[in-house]
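Content type PDB, C-alpha atoms, pLDDT in the B column, from the file work.pdb:
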MODEL        1
ATOM      1  CA  MET A1112      14.533  -0.381  13.001  1.00 83.00           C
ATOM      2  CA  SER A1113      10.863  -0.188  12.050  1.00 92.00           C
ATOM      3  CA  ILE A1114       9.722   1.280   8.737  1.00 95.00           C
ATOM      4  CA  THR A1115       6.575   3.139   7.761  1.00 98.00           C
ATOM      5  CA  ALA A1116       5.752   3.028   4.062  1.00 98.00           C
ATOM      6  CA  LEU A1117       3.349   5.571   2.592  1.00 98.00           C
ATOM      7  CA  LEU A1118       1.729   4.521  -0.665  1.00 98.00           C
ATOM      8  CA  ASP A1119       0.041   7.514  -2.282  1.00 98.00           C
ATOM      9  CA  LEU A1120      -2.706   6.497  -4.720  1.00 98.00           C
ATOM     10  CA  THR A1121      -5.086   8.278  -7.076  1.00 98.00           C
ATOM     11  CA  ILE A1122      -8.088   6.139  -7.973  1.00 98.00           C
ATOM     12  CA  SER A1123      -9.499   6.539 -11.490  1.00 97.00           C
ATOM     13  CA  ALA A1124     -13.066   7.839 -11.729  1.00 95.00           C
ATOM     14  CA  ASP A1125     -14.068   4.697 -13.635  1.00 96.00           C
ATOM     15  CA  SER A1126     -12.887   2.513 -10.729  1.00 96.00           C
ATOM     16  CA  ALA A1127     -14.489   4.316  -7.790  1.00 94.00           C
ATOM     17  CA  ALA A1128     -17.151   1.631  -7.284  1.00 95.00           C
ATOM     18  CA  VAL A1129     -14.745  -1.339  -7.329  1.00 97.00           C
ATOM     19  CA  ALA A1130     -11.764   0.314  -5.605  1.00 96.00           C
ATOM     20  CA  PRO A1131     -12.730  -0.648  -2.028  1.00 96.00           C
ATOM     21  CA  GLU A1132     -12.945  -4.361  -2.892  1.00 96.00           C
ATOM     22  CA  VAL A1133      -9.697  -4.297  -4.889  1.00 97.00           C
ATOM     23  CA  LEU A1134      -7.938  -2.559  -1.986  1.00 97.00           C
ATOM     24  CA  ARG A1135      -9.390  -5.073   0.519  1.00 96.00           C
ATOM     25  CA  THR A1136      -8.076  -7.981  -1.546  1.00 96.00           C
ATOM     26  CA  VAL A1137      -4.640  -6.481  -2.218  1.00 97.00           C
ATOM     27  CA  LEU A1138      -4.139  -5.359   1.377  1.00 97.00           C
ATOM     28  CA  ALA A1139      -5.182  -8.714   2.854  1.00 97.00           C
ATOM     29  CA  ALA A1140      -2.010 -10.162   1.306  1.00 97.00           C
ATOM     30  CA  THR A1141       0.018  -7.181   2.551  1.00 98.00           C
ATOM     31  CA  ARG A1142      -1.263  -7.630   6.106  1.00 98.00           C
ATOM     32  CA  ALA A1143      -0.451 -11.360   5.993  1.00 98.00           C
ATOM     33  CA  PHE A1144       3.126 -10.852   4.787  1.00 98.00           C
ATOM     34  CA  ALA A1145       5.896 -11.635   7.278  1.00 98.00           C
ATOM     35  CA  GLY A1146       7.021  -8.533   9.169  1.00 98.00           C
ATOM     36  CA  ASN A1147       3.893  -6.480   8.510  1.00 98.00           C
ATOM     37  CA  GLU A1148       2.738  -4.781  11.705  1.00 98.00           C
ATOM     38  CA  GLY A1149      -0.363  -3.099  10.315  1.00 98.00           C
ATOM     39  CA  VAL A1150      -1.968  -1.286   7.418  1.00 98.00           C
ATOM     40  CA  GLU A1151      -4.215   1.785   7.473  1.00 98.00           C
ATOM     41  CA  VAL A1152      -6.106   3.210   4.512  1.00 98.00           C
ATOM     42  CA  LEU A1153      -6.670   6.969   4.701  1.00 98.00           C
ATOM     43  CA  VAL A1154      -8.910   8.942   2.344  1.00 97.00           C
ATOM     44  CA  ASP A1155      -8.353  12.614   1.558  1.00 98.00           C
ATOM     45  CA  THR A1156     -11.342  14.544   2.929  1.00 98.00           C
ATOM     46  CA  ASN A1157     -11.174  16.975  -0.011  1.00 98.00           C
ATOM     47  CA  ASP A1158     -10.651  14.335  -2.721  1.00 97.00           C
ATOM     48  CA  PRO A1159     -12.036  10.816  -2.178  1.00 95.00           C
ATOM     49  CA  ALA A1160     -10.016   9.562  -5.164  1.00 97.00           C
ATOM     50  CA  HIS A1161      -6.811  10.360  -3.236  1.00 98.00           C
ATOM     51  CA  ILE A1162      -5.884   7.530  -0.884  1.00 98.00           C
ATOM     52  CA  VAL A1163      -2.817   7.022   1.271  1.00 98.00           C
ATOM     53  CA  VAL A1164      -2.005   3.517   2.462  1.00 98.00           C
ATOM     54  CA  VAL A1165       0.146   3.522   5.611  1.00 98.00           C
ATOM     55  CA  GLU A1166       2.073   0.285   6.082  1.00 98.00           C
ATOM     56  CA  LYS A1167       4.086  -0.491   9.215  1.00 98.00           C
ATOM     57  CA  TRP A1168       6.970  -2.938   8.816  1.00 98.00           C
ATOM     58  CA  GLU A1169       9.122  -4.608  11.447  1.00 96.00           C
ATOM     59  CA  SER A1170      12.280  -3.727   9.496  1.00 95.00           C
ATOM     60  CA  LEU A1171      13.551  -2.392   6.180  1.00 95.00           C
ATOM     61  CA  GLU A1172      14.439  -5.975   5.242  1.00 97.00           C
ATOM     62  CA  HIS A1173      10.821  -7.090   5.709  1.00 97.00           C
ATOM     63  CA  ASP A1174       9.594  -4.174   3.591  1.00 97.00           C
ATOM     64  CA  GLU A1175      12.138  -4.945   0.869  1.00 97.00           C
ATOM     65  CA  ALA A1176      11.160  -8.635   0.860  1.00 98.00           C
ATOM     66  CA  TYR A1177       7.525  -7.614   0.455  1.00 98.00           C
ATOM     67  CA  ARG A1178       8.310  -5.240  -2.464  1.00 97.00           C
ATOM     68  CA  ALA A1179      10.388  -7.968  -4.142  1.00 98.00           C
ATOM     69  CA  TRP A1180       7.506 -10.441  -3.733  1.00 98.00           C
ATOM     70  CA  ARG A1181       5.027  -7.961  -5.250  1.00 97.00           C
ATOM     71  CA  ALA A1182       7.289  -7.815  -8.343  1.00 96.00           C
ATOM     72  CA  THR A1183       6.863 -11.573  -8.946  1.00 96.00           C
ATOM     73  CA  PRO A1184       3.966 -13.305 -10.710  1.00 96.00           C
ATOM     74  CA  ASP A1185       2.871 -14.813  -7.359  1.00 95.00           C
ATOM     75  CA  GLY A1186       2.833 -11.417  -5.660  1.00 95.00           C
ATOM     76  CA  ALA A1187       1.395  -9.351  -8.504  1.00 95.00           C
ATOM     77  CA  SER A1188      -1.821  -7.528  -7.681  1.00 94.00           C
ATOM     78  CA  THR A1189      -4.659  -5.837  -9.537  1.00 94.00           C
ATOM     79  CA  LEU A1190      -4.012  -2.494  -7.839  1.00 94.00           C
ATOM     80  CA  GLY A1191      -2.762  -0.901 -11.053  1.00 93.00           C
ATOM     81  CA  SER A1192      -6.103  -1.560 -12.731  1.00 95.00           C
ATOM     82  CA  ILE A1193      -7.888   1.006 -10.526  1.00 96.00           C
ATOM     83  CA  LEU A1194      -5.303   3.801 -10.590  1.00 97.00           C
ATOM     84  CA  ALA A1195      -5.423   7.043 -12.557  1.00 97.00           C
ATOM     85  CA  ALA A1196      -1.659   7.564 -12.161  1.00 96.00           C
ATOM     86  CA  ALA A1197       1.396   5.696 -10.973  1.00 96.00           C
ATOM     87  CA  PRO A1198       1.538   5.360  -7.176  1.00 97.00           C
ATOM     88  CA  THR A1199       4.182   7.109  -5.118  1.00 97.00           C
ATOM     89  CA  LEU A1200       5.998   5.186  -2.386  1.00 98.00           C
ATOM     90  CA  THR A1201       7.793   6.894   0.490  1.00 98.00           C
ATOM     91  CA  LYS A1202       9.632   4.899   3.164  1.00 97.00           C
ATOM     92  CA  LEU A1203      10.207   6.479   6.561  1.00 97.00           C
ATOM     93  CA  ALA A1204      12.455   5.132   9.308  1.00 93.00           C
ATOM     94  CA  ASP A1205      11.561   5.480  12.977  1.00 83.00           C
ATOM     95  CA  THR A1206      14.354   7.467  14.592  1.00 82.00           C
ATOM     96  CA  GLY A1207      13.349   6.520  18.117  1.00 80.00           C
ATOM     97  CA  ILE A1208      13.328  10.153  19.168  1.00 83.00           C
TER      98      ILE A1208
ENDMDL
END
Take the structure in this file and express it as structure tokens.
Amino acid sequence: MSITALLDLTISADSAAVAPEVLRTVLAATRAFAGNEGVEVLVDTNDPAHIVVVEKWESLEHDEAYRAWRATPDGASTLGSILAAAPTLTKLADTGI
């Protein structure tokens, strides 16, 4: 069963200029990870500091492997350095309906 992960981010005002490059770098590794079927970055039209990253995963197991990798020194990213608050992650399963 495929999974869609929504990563809700708030970029700090001090990081607005560097955020696009940090996101490009971080998400290149996400896109290259086994089981990733695509990543979209959506910006709130009323608040450009509010970004939602939409990740499509082949399965819950692929998503979980990715999250576990991100928790290791090899998978660690600089994403936290540009955030004003902790990100929120929501995982949604495709029901096939």
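For the pair CA of Ala1204 in chain A and CA of Glu1166 in chain A, the separation is 11.9 Å.
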**Request:** Apply the PyMOL selection byres ((chain A and resi 1159) around 12) to the structure shown and report the selected residues as an MDAnalysis selection string.
**Result:** chainID A and resid 1120:1124 1126:1128 1130:1131 1152:1158 1160:1163
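With distances restricted to only C-alpha atoms, A:Val1165 is the closest residue to Leu1203 in chain A from A:Ala1182, A:Ala1187, A:Ala1145, A:Val1165.
Near Arg1142 in chain A, within 12 Å and counting all atoms listed in the file, sit Leu1134, Arg1135, Thr1136, Val1137, Leu1138, Ala1139, Ala1140, Phe1144, Ala1145, Gly1146, Asn1147, Glu1148, Gly1149, Val1150, Glu1151, Val1152, Val1164, Val1165, Glu1166, Lys1167, Trp1168, Asp1174 and Tyr1177 of chain A; same-chain residues fewer than 2 positions away were not included.
Across A:Ser1170, A:Ser1188, A:Thr1183, A:Thr1199, the tightest approach to Thr1115 in chain A is made by A:Ser1170 when counting only C-alpha atoms.
Of the residues listed (A:Val1129, A:Ile1208, A:Lys1202, A:Gly1186), A:Lys1202 shows the shortest atom-to-atom separation from Leu1171 in chain A; distances use all atoms listed in the file.
When CA of Pro1184 in chain A is paired with CA of Ala1196 in chain A, their separation reads 21.7 Å.
Minimum atom-to-atom distance to Ile1114 in chain A, evaluated using all atoms listed in the file, belongs to A:Asp1205 out of A:Asp1205, A:Ala1143, A:Arg1178, A:Glu1132.
The spacing separating CA of Met1112 in chain A from CA of Pro1198 in chain A amounts to 24.7 Å.
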**Request:** Can you work out which one of A:Thr1141, A:Ile1193, A:Leu1200, A:Leu1117 has the shortest atom-to-atom distance to His1173 in chain A, counting only C-alpha atoms?
**Result:** A:Thr1141
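Taking all atoms listed in the file into account, Ala1116 in chain A lies nearest to A:Glu1169 out of the set A:Glu1169, A:Asp1185, A:Val1133, A:Ala1179.
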